[in-house]
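One structure is given below, encoded as structure tokens.
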There are 2 protein chains.
Amino acid sequence: MSEKIAVLGGGSWGATLAGLLAEQGHAVALWEFIPAVAAALAATRQLKTVPELRLPASVRVTNDLREALAGCRWIVSATPSAHVRSTLKSAFATGAVDPESKVISVSKGLEDKTFKRMSEIIAEEFHKTPEQVIVLSGPSHAEEVCRRQPTAVVAAGTDAKTVQAVQTLFSNDYFRVYAQSDQIGVELAGTLKNVLAIGSGITDGLGFGDNTRAALLTRGLNEITRLGIRCGARQDTFFGLAGMGDLIVTCLSQHSRNRRLGEKIGQGKTPKEALGEMTMVAEGMVNAPAAQALAKKQNVSCPLIAEIYAILYENRDPKTSLRTLMHRLPQEEWPA
Amino acid sequence: MSEKIAVLGGGSWGATLAGLLAEQGHAVALWEFIPAVAAALAATRQLKTVPELRLPASVRVTNDLREALAGCRWIVSATPSAHVRSTLKSAFATGAVDPESKVISVSKGLEDKTFKRMSEIIAEEFHKTPEQVIVLSGPSHAEEVCRRQPTAVVAAGTDAKTVQAVQTLFSNDYFRVYAQSDQIGVELAGTLKNVLAIGSGITDGLGFGDNTRAALLTRGLNEITRLGIRCGARQDTFFGLAGMGDLIVTCLSQHSRNRRLGEKIGQGKTPKEALGEMTMVAEGMVNAPAAQALAKKQNVSCPLIAEIYAILYENRDPKTSLRTLMHRLPQEEWPA
């Protein structure tokens, strides 16, 4: 069945998903905040950040929120996480958000200071029940989805029927959607893994290899899992596509900005110097203070998060961090 | 405290661990099956397979089992898994195995036909109680341990005191040992992951990227976790160093023979052709029938293991496998 869908946010991932949905036969409007970017995308059907993208002609690109939202049963929230609240506020103010519509969140991050998850912000700003908001997450570089390479993600929500509808909406030959009921876990995993990606880059920059990276990823996932459980998440979510899967993709990719930032720091640059050399934001840099604060608030021991935070914000030398980590007392892998 | 330790098996990992233990101040004898290899190792203190290795002068290399075992409180079993039973049979026949000695197993694999774990074979052949056998496993390329790169592994056993003693025996500045009580899980994870490594190589060979690899590793770990639980293992073990950690190292390493075998098959070679081009055994090829049989016996749905098995042993075209996997009915990530 063809649905009317609005995608809010014309970045790499928003545009890629808009194209995928249009190819499934849905009527898709893609809203982009910056008028010039919207106009260029409408004209060229391409983005510099994802050269593989060919936006189908049927996708209506617009800079007008009301026009994008009118009559839509599904809304995809795909702006950078820092802009989700302001975008949705403007969107709701148009009066064009159908009260019956369902919202699919694909942005990763926690709100500054409040630590709220994107699904919570969506429910607040759109006056939605938690059941009306679904989170789509998992290991999915936009470039590779555009190249139709086999990709698997999860759709997480508290209403099984709505989750199923999202599976149907997106699933095709190369894009497989698994159902998940643990929305908290999916959102926390997607956010916290960015901090570990910086750590993984740091070990690369220090010249270490596979053993060190595997230890960092495994012990790091152990930490954020224990932290997530304390926040109400389920353990197995962290070992699924939104956790381990996304962590692997982020930490191993040459494209990952988080990993690149860490690599420069590992090579001896200060975080400020490393950031100065980069053109785009590394989300893990923004998420690290939230992760560290959350661990303290929940009283969960997260030695790797603590060291990565100290390297990023307290001028700790990565080599000192490493010594600290390796010299801790012998321990159980999963303390009771 | 300095201990007397025999390491049985002068391959890459056995020699590396012998060197590490000797540097901790222990009196180490390293037994190697092939007289000429033992003599060369004794003379050169080097191995072709691990150019980084410099075997300390204090390690006594020998081809004589009785000499290696005499007076040892600890025995490290480090031969290829297919040779563990025969080696231990010969070792026990010398009469030099101290009944009080503890055995550390570092070989991965299940015995052909019986599906017995290495720790079970050790207990049988050495007349040991289960508490006297400890398994050491985790993401640890020998080359990188020789280069003193930070590495983390688990020691798994049912007696906490003995596990602690193993932690003390091995732990140093760059080698960190975590305690584990789930020996079944550690051994199954270490074996089953080799099959997934072949699968990961196949997707590489087909020209797919990070999304596909992350999906395969995550869904593959999901399968072997469910299979392991049915065999008496704990879920979190598969999410730890012996599971996820070792899986990452094996599937991403350019050195992994399992991954290389898969890559050649993905590029269009038959398994036979691919094997013919390789000089060393790929354990996953041997483990795949055991994994497939175990899944059937335990009645656990393992679609990835089944397809990898079919590709390796039933001439299934990898592209057909991929279509089968992507076209399965929509599903929950962690079915109840």
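Here, A, B, ... name the chains of the structure tokens in the order displayed, residue numbers run from 1 inside each chain, and ligands are numbered from 1 in the same displayed order.
Residue neighbourhood of stretch 180-190 of chain B, excluding near-sequence residues (fewer than 2 positions): Glu332 and Glu333 of chain A; Lys108, Arg117, Val135, Val154, Ala155, Ala156, Gly157, Thr158, Tyr178, Leu192, Lys193, Gly228, Gly232, Ala233, Arg234, Thr237, Phe238, Ala242 and Gly243 of chain B, at 7 Å, using only C-alpha atoms.
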Would you give me, as JSON lines, each residue of chain B having an atom within 8 Å of an atom of chain A, along with its shortest atom pair and that distance in Å to one decimal, using only C-alpha atoms and sorting by chain and residue number?
{"residue": "B:Pro139", "atom": "CA", "partner": "A:Asn211", "partner_atom": "CA", "distance": 5.5}
{"residue": "B:Ser140", "atom": "CA", "partner": "A:Asn211", "partner_atom": "CA", "distance": 5.3}
{"residue": "B:His141", "atom": "CA", "partner": "A:Asn211", "partner_atom": "CA", "distance": 6.4}
{"residue": "B:Glu144", "atom": "CA", "partner": "A:Asn211", "partner_atom": "CA", "distance": 6.9}
{"residue": "B:Gln149", "atom": "CA", "partner": "A:Phe208", "partner_atom": "CA", "distance": 6.2}
{"residue": "B:Pro150", "atom": "CA", "partner": "A:Thr212", "partner_atom": "CA", "distance": 5.2}
{"residue": "B:Thr151", "atom": "CA", "partner": "A:Asn211", "partner_atom": "CA", "distance": 5.3}
{"residue": "B:Ala152", "atom": "CA", "partner": "A:Ala215", "partner_atom": "CA", "distance": 5.6}
{"residue": "B:Val154", "atom": "CA", "partner": "A:Glu333", "partner_atom": "CA", "distance": 7.3}
{"residue": "B:Gln167", "atom": "CA", "partner": "A:Pro330", "partner_atom": "CA", "distance": 7.0}
{"residue": "B:Asp173", "atom": "CA", "partner": "A:Met326", "partner_atom": "CA", "distance": 6.3}
{"residue": "B:Tyr174", "atom": "CA", "partner": "A:Met326", "partner_atom": "CA", "distance": 6.7}
{"residue": "B:Phe175", "atom": "CA", "partner": "A:Met326", "partner_atom": "CA", "distance": 7.8}
{"residue": "B:Arg176", "atom": "CA", "partner": "A:Met326", "partner_atom": "CA", "distance": 6.6}
{"residue": "B:Val177", "atom": "CA", "partner": "A:Pro330", "partner_atom": "CA", "distance": 6.9}
{"residue": "B:Tyr178", "atom": "CA", "partner": "A:Glu332", "partner_atom": "CA", "distance": 5.2}
{"residue": "B:Ala179", "atom": "CA", "partner": "A:Glu332", "partner_atom": "CA", "distance": 4.3}
{"residue": "B:Gln180", "atom": "CA", "partner": "A:Glu333", "partner_atom": "CA", "distance": 6.0}
{"residue": "B:Phe208", "atom": "CA", "partner": "A:Gln149", "partner_atom": "CA", "distance": 6.2}
{"residue": "B:Gly209", "atom": "CA", "partner": "A:Glu144", "partner_atom": "CA", "distance": 7.0}
{"residue": "B:Asp210", "atom": "CA", "partner": "A:Val249", "partner_atom": "CA", "distance": 5.8}
{"residue": "B:Asn211", "atom": "CA", "partner": "A:Thr151", "partner_atom": "CA", "distance": 5.3}
{"residue": "B:Thr212", "atom": "CA", "partner": "A:Pro150", "partner_atom": "CA", "distance": 5.2}
{"residue": "B:Ala214", "atom": "CA", "partner": "A:Gly245", "partner_atom": "CA", "distance": 5.1}
{"residue": "B:Ala215", "atom": "CA", "partner": "A:Ala152", "partner_atom": "CA", "distance": 5.6}
{"residue": "B:Leu217", "atom": "CA", "partner": "A:Gly245", "partner_atom": "CA", "distance": 7.4}
{"residue": "B:Thr218", "atom": "CA", "partner": "A:Gly245", "partner_atom": "CA", "distance": 5.5}
{"residue": "B:Arg219", "atom": "CA", "partner": "A:Gly240", "partner_atom": "CA", "distance": 7.4}
{"residue": "B:Asn222", "atom": "CA", "partner": "A:Gly240", "partner_atom": "CA", "distance": 7.4}
{"residue": "B:Asp236", "atom": "CA", "partner": "A:Trp334", "partner_atom": "CA", "distance": 7.5}
{"residue": "B:Phe239", "atom": "CA", "partner": "A:Phe239", "partner_atom": "CA", "distance": 6.7}
{"residue": "B:Gly240", "atom": "CA", "partner": "A:Thr218", "partner_atom": "CA", "distance": 6.1}
{"residue": "B:Leu241", "atom": "CA", "partner": "A:Thr218", "partner_atom": "CA", "distance": 6.1}
{"residue": "B:Met244", "atom": "CA", "partner": "A:Thr218", "partner_atom": "CA", "distance": 6.7}
{"residue": "B:Gly245", "atom": "CA", "partner": "A:Ala214", "partner_atom": "CA", "distance": 5.1}
{"residue": "B:Asp246", "atom": "CA", "partner": "A:Ala214", "partner_atom": "CA", "distance": 7.3}
{"residue": "B:Ile248", "atom": "CA", "partner": "A:Ala214", "partner_atom": "CA", "distance": 6.3}
{"residue": "B:Val249", "atom": "CA", "partner": "A:Asp210", "partner_atom": "CA", "distance": 5.8}
{"residue": "B:Ser253", "atom": "CA", "partner": "A:Asp210", "partner_atom": "CA", "distance": 7.2}
{"residue": "B:Arg323", "atom": "CA", "partner": "A:Asp173", "partner_atom": "CA", "distance": 7.7}
{"residue": "B:Met326", "atom": "CA", "partner": "A:Asp173", "partner_atom": "CA", "distance": 6.3}
{"residue": "B:His327", "atom": "CA", "partner": "A:Asp173", "partner_atom": "CA", "distance": 6.8}
{"residue": "B:Pro330", "atom": "CA", "partner": "A:Tyr178", "partner_atom": "CA", "distance": 6.4}
{"residue": "B:Gln331", "atom": "CA", "partner": "A:Tyr178", "partner_atom": "CA", "distance": 5.3}
{"residue": "B:Glu332", "atom": "CA", "partner": "A:Ala179", "partner_atom": "CA", "distance": 4.3}
{"residue": "B:Glu333", "atom": "CA", "partner": "A:Tyr178", "partner_atom": "CA", "distance": 5.2}
{"residue": "B:Trp334", "atom": "CA", "partner": "A:Asp236", "partner_atom": "CA", "distance": 7.5}
Atom CA of A:Ala27 and atom CA of A:Val50 are how many Å apart? 22.3 Å
The residue from A:Lys269, A:Arg54, A:Arg60, A:Lys89 with the smallest atom-to-atom distance to A:Ala39, counting only C-alpha atoms, is A:Arg60
Residues of stretch 161-251 of chain B in helix (DSSP H, G or I), written as a VMD selection string: chain B and resid 161 to 170 183 to 205 210 to 230 235 to 238 241 to 251
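Nearest to B:Pro80 of all the residues B:Ala282, B:Met1, B:Val103, B:Leu312 is B:Ala282, counting only C-alpha atoms.
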Could you pull out the strand (DSSP E) residues of stretch 63-231 of chain A, going by DSSP on the backbone, and write them as a PyMOL selection string? chain A and resi 74-77+102-105+133-137+151-156+175-180
Please provide as a CSV table (one decimal) with all heavy atoms, in the first residue's frame all residues within 12 Å of B:Trp31, with the sequence filter that same-chain residues fewer than 6 positions apart are discarded (counting only C-alpha atoms).
chain,number,residue,atom,x,y,z
B,5,ILE,N,56.2,-24.5,34.6
B,5,ILE,CA,55.2,-24.6,33.7
B,5,ILE,C,55.6,-25.3,32.4
B,5,ILE,O,56.7,-25.0,31.9
B,5,ILE,CB,54.6,-23.2,33.3
B,5,ILE,CG1,54.3,-22.4,34.5
B,5,ILE,CG2,53.5,-23.3,32.3
B,5,ILE,CD1,53.9,-20.9,34.2
B,6,ALA,N,54.8,-26.3,31.9
B,6,ALA,CA,55.0,-26.9,30.6
B,6,ALA,C,54.0,-26.4,29.6
B,6,ALA,O,52.8,-26.4,29.9
B,6,ALA,CB,54.9,-28.4,30.8
B,7,VAL,N,54.5,-26.0,28.5
B,7,VAL,CA,53.7,-25.6,27.4
B,7,VAL,C,53.8,-26.7,26.3
B,7,VAL,O,54.9,-26.9,25.8
B,7,VAL,CB,54.0,-24.2,26.8
B,7,VAL,CG1,53.1,-23.9,25.6
B,7,VAL,CG2,53.9,-23.1,27.9
B,8,LEU,N,52.6,-27.3,26.0
B,8,LEU,CA,52.6,-28.4,25.0
B,8,LEU,C,52.2,-27.8,23.7
B,8,LEU,O,51.0,-27.5,23.5
B,8,LEU,CB,51.7,-29.5,25.4
B,8,LEU,CG,52.0,-30.1,26.8
B,8,LEU,CD1,51.1,-31.3,27.1
B,8,LEU,CD2,53.5,-30.5,27.0
B,9,GLY,N,53.1,-27.7,22.7
B,9,GLY,CA,52.8,-27.2,21.4
B,9,GLY,C,53.6,-25.9,21.1
B,9,GLY,O,53.4,-24.9,21.6
B,10,GLY,N,54.5,-26.1,20.1
B,10,GLY,CA,55.4,-25.0,19.8
B,10,GLY,C,55.0,-24.2,18.6
B,10,GLY,O,55.8,-23.7,17.8
B,11,GLY,N,53.7,-24.1,18.4
B,11,GLY,CA,53.1,-23.2,17.3
B,11,GLY,C,53.2,-21.8,17.7
B,11,GLY,O,53.7,-21.4,18.8
B,14,GLY,N,51.4,-21.1,21.3
B,14,GLY,CA,52.1,-21.8,22.4
B,14,GLY,C,53.5,-21.1,22.6
B,14,GLY,O,53.8,-20.8,23.8
B,15,ALA,N,54.2,-20.8,21.6
B,15,ALA,CA,55.5,-20.2,21.8
B,15,ALA,C,55.4,-18.8,22.3
B,15,ALA,O,56.2,-18.4,23.2
B,15,ALA,CB,56.3,-20.2,20.4
B,18,ALA,N,54.6,-19.1,26.0
B,18,ALA,CA,55.8,-19.6,26.7
B,18,ALA,C,56.7,-18.5,27.0
B,18,ALA,O,57.2,-18.3,28.1
B,18,ALA,CB,56.5,-20.7,25.9
B,37,VAL,N,61.6,-29.0,14.2
B,37,VAL,CA,61.0,-27.7,14.5
B,37,VAL,C,61.5,-27.3,15.9
B,37,VAL,O,61.9,-26.2,16.2
B,37,VAL,CB,59.5,-27.7,14.4
B,37,VAL,CG1,58.9,-26.4,14.9
B,37,VAL,CG2,59.0,-28.0,13.0
B,38,ALA,N,61.5,-28.3,16.8
B,38,ALA,CA,61.9,-28.0,18.2
B,38,ALA,C,63.4,-27.6,18.2
B,38,ALA,O,63.8,-26.6,18.9
B,38,ALA,CB,61.7,-29.3,19.1
B,39,ALA,N,64.2,-28.3,17.4
B,39,ALA,CA,65.6,-28.0,17.4
B,39,ALA,C,65.9,-26.6,16.8
B,39,ALA,O,66.7,-25.8,17.3
B,39,ALA,CB,66.4,-29.0,16.5
B,41,LEU,N,63.7,-24.1,16.7
B,41,LEU,CA,63.2,-23.1,17.7
B,41,LEU,C,64.2,-22.9,18.8
B,41,LEU,O,64.5,-21.8,19.3
B,41,LEU,CB,61.8,-23.5,18.2
B,41,LEU,CG,61.1,-22.6,19.1
B,41,LEU,CD1,61.0,-21.2,18.5
B,41,LEU,CD2,59.7,-23.1,19.4
B,42,ALA,N,64.7,-24.0,19.3
B,42,ALA,CA,65.7,-23.9,20.4
B,42,ALA,C,66.9,-23.1,20.0
B,42,ALA,O,67.5,-22.3,20.8
B,42,ALA,CB,66.1,-25.3,20.8
B,59,VAL,N,63.5,-20.1,28.2
B,59,VAL,CA,62.5,-21.1,27.9
B,59,VAL,C,63.3,-22.4,27.3
B,59,VAL,O,64.0,-22.3,26.4
B,59,VAL,CB,61.5,-20.6,26.8
B,59,VAL,CG1,60.6,-21.8,26.3
B,59,VAL,CG2,60.7,-19.5,27.3
B,60,ARG,N,63.0,-23.5,28.0
B,60,ARG,CA,63.7,-24.7,27.6
B,60,ARG,C,62.8,-25.4,26.5
B,60,ARG,O,61.7,-25.9,26.8
B,60,ARG,CB,63.8,-25.7,28.8
B,60,ARG,CG,64.8,-26.8,28.7
B,60,ARG,CD,65.2,-27.3,30.0
B,60,ARG,NE,64.1,-27.2,31.0
B,60,ARG,CZ,63.3,-28.2,31.3
B,60,ARG,NH1,63.3,-29.3,30.6
B,60,ARG,NH2,62.3,-28.1,32.2
B,61,VAL,N,63.3,-25.4,25.3
B,61,VAL,CA,62.6,-26.1,24.2
B,61,VAL,C,63.0,-27.5,24.1
B,61,VAL,O,64.2,-27.9,24.1
B,61,VAL,CB,62.9,-25.4,22.8
B,61,VAL,CG1,62.0,-26.0,21.7
B,61,VAL,CG2,62.6,-23.9,22.9
B,62,THR,N,62.0,-28.4,24.0
B,62,THR,CA,62.3,-29.8,24.0
B,62,THR,C,61.3,-30.6,23.2
B,62,THR,O,60.2,-30.2,23.0
B,62,THR,CB,62.3,-30.4,25.4
B,62,THR,OG1,62.4,-31.8,25.4
B,62,THR,CG2,61.0,-30.1,26.2
B,63,ASN,N,61.7,-31.8,22.7
B,63,ASN,CA,60.9,-32.7,21.9
B,63,ASN,C,60.5,-33.9,22.8
B,63,ASN,O,59.8,-34.8,22.4
B,63,ASN,CB,61.6,-33.2,20.7
B,63,ASN,CG,60.8,-34.2,19.9
B,63,ASN,OD1,61.2,-35.3,19.8
B,63,ASN,ND2,59.6,-33.8,19.5
B,64,ASP,N,60.9,-33.8,24.1
B,64,ASP,CA,60.7,-34.9,25.1
B,64,ASP,C,59.6,-34.6,26.0
B,64,ASP,O,59.8,-33.7,26.9
B,64,ASP,CB,62.0,-35.2,25.8
B,64,ASP,CG,62.0,-36.4,26.7
B,64,ASP,OD1,60.9,-36.6,27.3
B,64,ASP,OD2,63.0,-37.1,26.8
B,65,LEU,N,58.5,-35.3,26.0
B,65,LEU,CA,57.3,-34.9,26.8
B,65,LEU,C,57.6,-35.1,28.3
B,65,LEU,O,57.2,-34.2,29.1
B,65,LEU,CB,56.1,-35.8,26.4
B,65,LEU,CG,55.2,-35.3,25.3
B,65,LEU,CD1,54.2,-36.4,24.9
B,65,LEU,CD2,54.5,-34.1,25.7
B,66,ARG,N,58.3,-36.2,28.6
B,66,ARG,CA,58.5,-36.5,30.0
B,66,ARG,C,59.4,-35.3,30.6
B,66,ARG,O,59.1,-34.8,31.7
B,66,ARG,CB,59.2,-37.8,30.2
B,66,ARG,CG,59.5,-38.2,31.7
B,66,ARG,CD,60.4,-39.4,31.8
B,66,ARG,NE,60.0,-40.5,30.9
B,66,ARG,CZ,59.3,-41.5,31.3
B,66,ARG,NH1,58.9,-41.6,32.5
B,66,ARG,NH2,59.0,-42.5,30.5
B,67,GLU,N,60.4,-34.9,29.9
B,67,GLU,CA,61.3,-33.9,30.3
B,67,GLU,C,60.5,-32.6,30.5
B,67,GLU,O,60.7,-31.9,31.5
B,67,GLU,CB,62.4,-33.7,29.3
B,67,GLU,CG,63.5,-32.7,29.7
B,67,GLU,CD,64.3,-32.2,28.5
B,67,GLU,OE1,64.5,-32.9,27.6
B,67,GLU,OE2,64.7,-31.0,28.6
B,68,ALA,N,59.6,-32.3,29.6
B,68,ALA,CA,58.8,-31.0,29.7
B,68,ALA,C,57.9,-31.0,30.9
B,68,ALA,O,57.8,-30.0,31.6
B,68,ALA,CB,58.0,-30.8,28.4
B,69,LEU,N,57.3,-32.2,31.2
B,69,LEU,CA,56.3,-32.2,32.2
B,69,LEU,C,56.8,-32.4,33.6
B,69,LEU,O,56.1,-32.0,34.6
B,69,LEU,CB,55.3,-33.4,31.9
B,69,LEU,CG,54.5,-33.2,30.6
B,69,LEU,CD1,53.9,-34.6,30.2
B,69,LEU,CD2,53.3,-32.3,30.9
B,70,ALA,N,58.0,-32.9,33.8
B,70,ALA,CA,58.5,-33.3,35.1
B,70,ALA,C,58.4,-32.1,36.1
B,70,ALA,O,59.0,-31.1,35.9
B,70,ALA,CB,60.0,-33.8,35.0
B,75,ILE,N,50.2,-26.9,33.3
B,75,ILE,CA,50.5,-27.4,31.9
B,75,ILE,C,49.6,-26.6,31.0
B,75,ILE,O,48.4,-26.5,31.2
B,75,ILE,CB,50.1,-28.9,31.8
B,75,ILE,CG1,51.0,-29.7,32.8
B,75,ILE,CG2,50.3,-29.4,30.4
B,75,ILE,CD1,50.5,-31.2,33.0
B,76,VAL,N,50.2,-26.0,30.0
B,76,VAL,CA,49.4,-25.3,29.0
B,76,VAL,C,49.2,-26.2,27.7
B,76,VAL,O,50.2,-26.7,27.2
B,76,VAL,CB,50.1,-24.0,28.6
B,76,VAL,CG1,49.3,-23.3,27.5
B,76,VAL,CG2,50.3,-23.1,29.8
B,77,SER,N,48.0,-26.5,27.4
B,77,SER,CA,47.7,-27.3,26.2
B,77,SER,C,47.5,-26.5,25.0
B,77,SER,O,46.4,-25.8,24.9
B,77,SER,CB,46.4,-28.2,26.5
B,77,SER,OG,46.0,-28.9,25.3
B,78,ALA,N,48.4,-26.4,24.1
B,78,ALA,CA,48.4,-25.5,23.0
B,78,ALA,C,48.7,-26.1,21.6
B,78,ALA,O,49.1,-25.4,20.7
B,78,ALA,CB,49.5,-24.4,23.3
B,79,THR,N,48.4,-27.4,21.5
B,79,THR,CA,48.5,-28.0,20.1
B,79,THR,C,47.3,-27.6,19.3
B,79,THR,O,46.3,-27.2,19.9
B,79,THR,CB,48.6,-29.5,20.2
B,79,THR,OG1,47.5,-30.0,20.9
B,79,THR,CG2,49.9,-29.9,21.1
B,87,THR,N,48.0,-35.9,21.8
B,87,THR,CA,49.1,-35.4,22.5
B,87,THR,C,49.0,-35.7,24.0
B,87,THR,O,50.0,-36.1,24.7
B,87,THR,CB,49.2,-33.8,22.3
B,87,THR,OG1,49.3,-33.6,20.9
B,87,THR,CG2,50.4,-33.3,23.0
B,88,LEU,N,47.8,-35.4,24.5
B,88,LEU,CA,47.6,-35.6,26.0
B,88,LEU,C,47.7,-37.1,26.4
B,88,LEU,O,48.2,-37.5,27.4
B,88,LEU,CB,46.3,-35.0,26.4
B,88,LEU,CG,46.1,-33.5,26.2
B,88,LEU,CD1,45.0,-33.0,27.1
B,88,LEU,CD2,47.4,-32.8,26.5
B,91,ALA,N,51.3,-37.8,26.6
B,91,ALA,CA,51.8,-37.1,27.7
B,91,ALA,C,51.5,-37.8,29.0
B,91,ALA,O,52.3,-38.0,29.9
B,91,ALA,CB,51.2,-35.7,27.8
Set the distance at 10 Å and use only C-alpha atoms: which residues neighbour A:Gly205 once local chain neighbours fewer than 3 positions away are removed? I'd like the list as a list in words. Gly199, Ser200, Gly201, Ile202, Phe208, Gly209, Arg259, Arg260, Leu261, Gly262, Glu263, Lys264, Ile265, Gly266, Gln267, Gly268, Lys269 and Pro318 of chain A
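Between atom CA of B:Ala22 and atom CA of B:Ser101 lies a distance of 18.2 Å.
The shortest atom-to-atom distance to B:Pro289, with only C-alpha atoms taken into account, belongs to B:Lys113 out of B:Arg85, B:Lys113, B:Arg73, B:His255.
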Neighbours of B:Pro303 within 9 Å (only C-alpha atoms; same-chain residues fewer than 2 positions away dropped), as a PDB file with N, CA, C and O atoms, in the first residue's frame?
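Output contents, as saved in selection09.pdb:
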ATOM      1  N   GLY B 220      25.049 -13.159  13.146  1.00  0.00           N
ATOM      2  CA  GLY B 220      25.767 -14.408  13.377  1.00  0.00           C
ATOM      3  C   GLY B 220      26.014 -14.638  14.862  1.00  0.00           C
ATOM      4  O   GLY B 220      25.818 -15.748  15.375  1.00  0.00           O
ATOM      5  N   GLU B 223      22.914 -15.838  16.445  1.00  0.00           N
ATOM      6  CA  GLU B 223      22.683 -17.277  16.235  1.00  0.00           C
ATOM      7  C   GLU B 223      23.513 -18.154  17.161  1.00  0.00           C
ATOM      8  O   GLU B 223      22.989 -19.040  17.818  1.00  0.00           O
ATOM      9  N   SER B 301      17.299 -22.458  15.277  1.00  0.00           N
ATOM     10  CA  SER B 301      17.320 -21.897  13.923  1.00  0.00           C
ATOM     11  C   SER B 301      18.585 -21.054  13.732  1.00  0.00           C
ATOM     12  O   SER B 301      18.784 -20.051  14.396  1.00  0.00           O
ATOM     13  N   ILE B 305      24.567 -19.911   9.714  1.00  0.00           N
ATOM     14  CA  ILE B 305      25.401 -21.123   9.785  1.00  0.00           C
ATOM     15  C   ILE B 305      24.976 -22.095   8.682  1.00  0.00           C
ATOM     16  O   ILE B 305      25.827 -22.684   7.996  1.00  0.00           O
ATOM     17  N   ALA B 306      23.665 -22.251   8.492  1.00  0.00           N
ATOM     18  CA  ALA B 306      23.159 -23.196   7.485  1.00  0.00           C
ATOM     19  C   ALA B 306      23.620 -22.798   6.082  1.00  0.00           C
ATOM     20  O   ALA B 306      24.049 -23.654   5.297  1.00  0.00           O
ATOM     21  N   GLU B 307      23.552 -21.500   5.763  1.00  0.00           N
ATOM     22  CA  GLU B 307      23.957 -21.064   4.422  1.00  0.00           C
ATOM     23  C   GLU B 307      25.469 -21.196   4.240  1.00  0.00           C
ATOM     24  O   GLU B 307      25.937 -21.589   3.167  1.00  0.00           O
ATOM     25  N   ILE B 308      26.247 -20.843   5.275  1.00  0.00           N
ATOM     26  CA  ILE B 308      27.711 -20.972   5.162  1.00  0.00           C
ATOM     27  C   ILE B 308      28.084 -22.444   4.970  1.00  0.00           C
ATOM     28  O   ILE B 308      28.923 -22.791   4.136  1.00  0.00           O
ATOM     29  N   LEU B 325      18.612 -15.277   2.482  1.00  0.00           N
ATOM     30  CA  LEU B 325      18.688 -14.632   3.799  1.00  0.00           C
ATOM     31  C   LEU B 325      17.904 -13.323   3.828  1.00  0.00           C
ATOM     32  O   LEU B 325      17.226 -13.015   4.809  1.00  0.00           O
TER      33      LEU B 325
END
Selection near B:Pro130, 9 Å with only C-alpha atoms, sequence-local residues under 3 positions removed, as a PyMOL selection string: chain B and resi 119-120+123+133-134+157-159
Output the selection as a tab-separated table (two decimals), in the first residue's frame - all heavy atoms for each residue.
chain	number	residue	atom	x	y	z
B	119	SER	N	38.36	-28.80	26.87
B	119	SER	CA	38.49	-28.98	28.33
B	119	SER	C	37.98	-30.37	28.74
B	119	SER	O	38.51	-30.97	29.68
B	119	SER	CB	37.70	-27.90	29.07
B	119	SER	OG	36.32	-28.04	28.85
B	120	GLU	N	36.98	-30.87	28.03
B	120	GLU	CA	36.47	-32.21	28.35
B	120	GLU	C	37.49	-33.27	27.97
B	120	GLU	O	37.70	-34.25	28.71
B	120	GLU	CB	35.16	-32.46	27.59
B	120	GLU	CG	34.02	-31.54	28.02
B	120	GLU	CD	32.73	-31.79	27.23
B	120	GLU	OE1	32.69	-31.45	26.03
B	120	GLU	OE2	31.78	-32.33	27.82
B	123	ALA	N	40.27	-33.24	30.56
B	123	ALA	CA	39.87	-33.90	31.81
B	123	ALA	C	39.89	-35.42	31.64
B	123	ALA	O	40.38	-36.15	32.51
B	123	ALA	CB	38.48	-33.42	32.24
B	133	VAL	N	40.84	-27.76	35.20
B	133	VAL	CA	41.07	-27.33	33.81
B	133	VAL	C	40.53	-25.91	33.61
B	133	VAL	O	39.38	-25.64	33.93
B	133	VAL	CB	40.41	-28.30	32.81
B	133	VAL	CG1	40.72	-27.88	31.38
B	133	VAL	CG2	40.84	-29.73	33.07
B	134	ILE	N	41.38	-25.03	33.09
B	134	ILE	CA	41.00	-23.64	32.84
B	134	ILE	C	41.16	-23.36	31.35
B	134	ILE	O	42.09	-23.87	30.72
B	134	ILE	CB	41.95	-22.70	33.63
B	134	ILE	CG1	41.88	-22.97	35.13
B	134	ILE	CG2	41.66	-21.23	33.33
B	134	ILE	CD1	40.57	-22.64	35.77
B	157	GLY	N	36.88	-20.96	34.24
B	157	GLY	CA	36.92	-22.21	34.98
B	157	GLY	C	35.86	-22.22	36.07
B	157	GLY	O	35.28	-21.19	36.39
B	158	THR	N	35.63	-23.40	36.62
B	158	THR	CA	34.57	-23.53	37.61
B	158	THR	C	35.09	-23.32	39.03
B	158	THR	O	34.30	-23.18	39.96
B	158	THR	CB	33.89	-24.92	37.51
B	158	THR	OG1	34.92	-25.91	37.42
B	158	THR	CG2	33.04	-25.00	36.26
B	159	ASP	N	36.40	-23.28	39.20
B	159	ASP	CA	36.95	-23.01	40.53
B	159	ASP	C	37.57	-21.61	40.54
B	159	ASP	O	38.59	-21.35	39.88
B	159	ASP	CB	38.01	-24.06	40.87
B	159	ASP	CG	38.62	-23.79	42.24
B	159	ASP	OD1	37.85	-23.74	43.23
B	159	ASP	OD2	39.85	-23.61	42.32
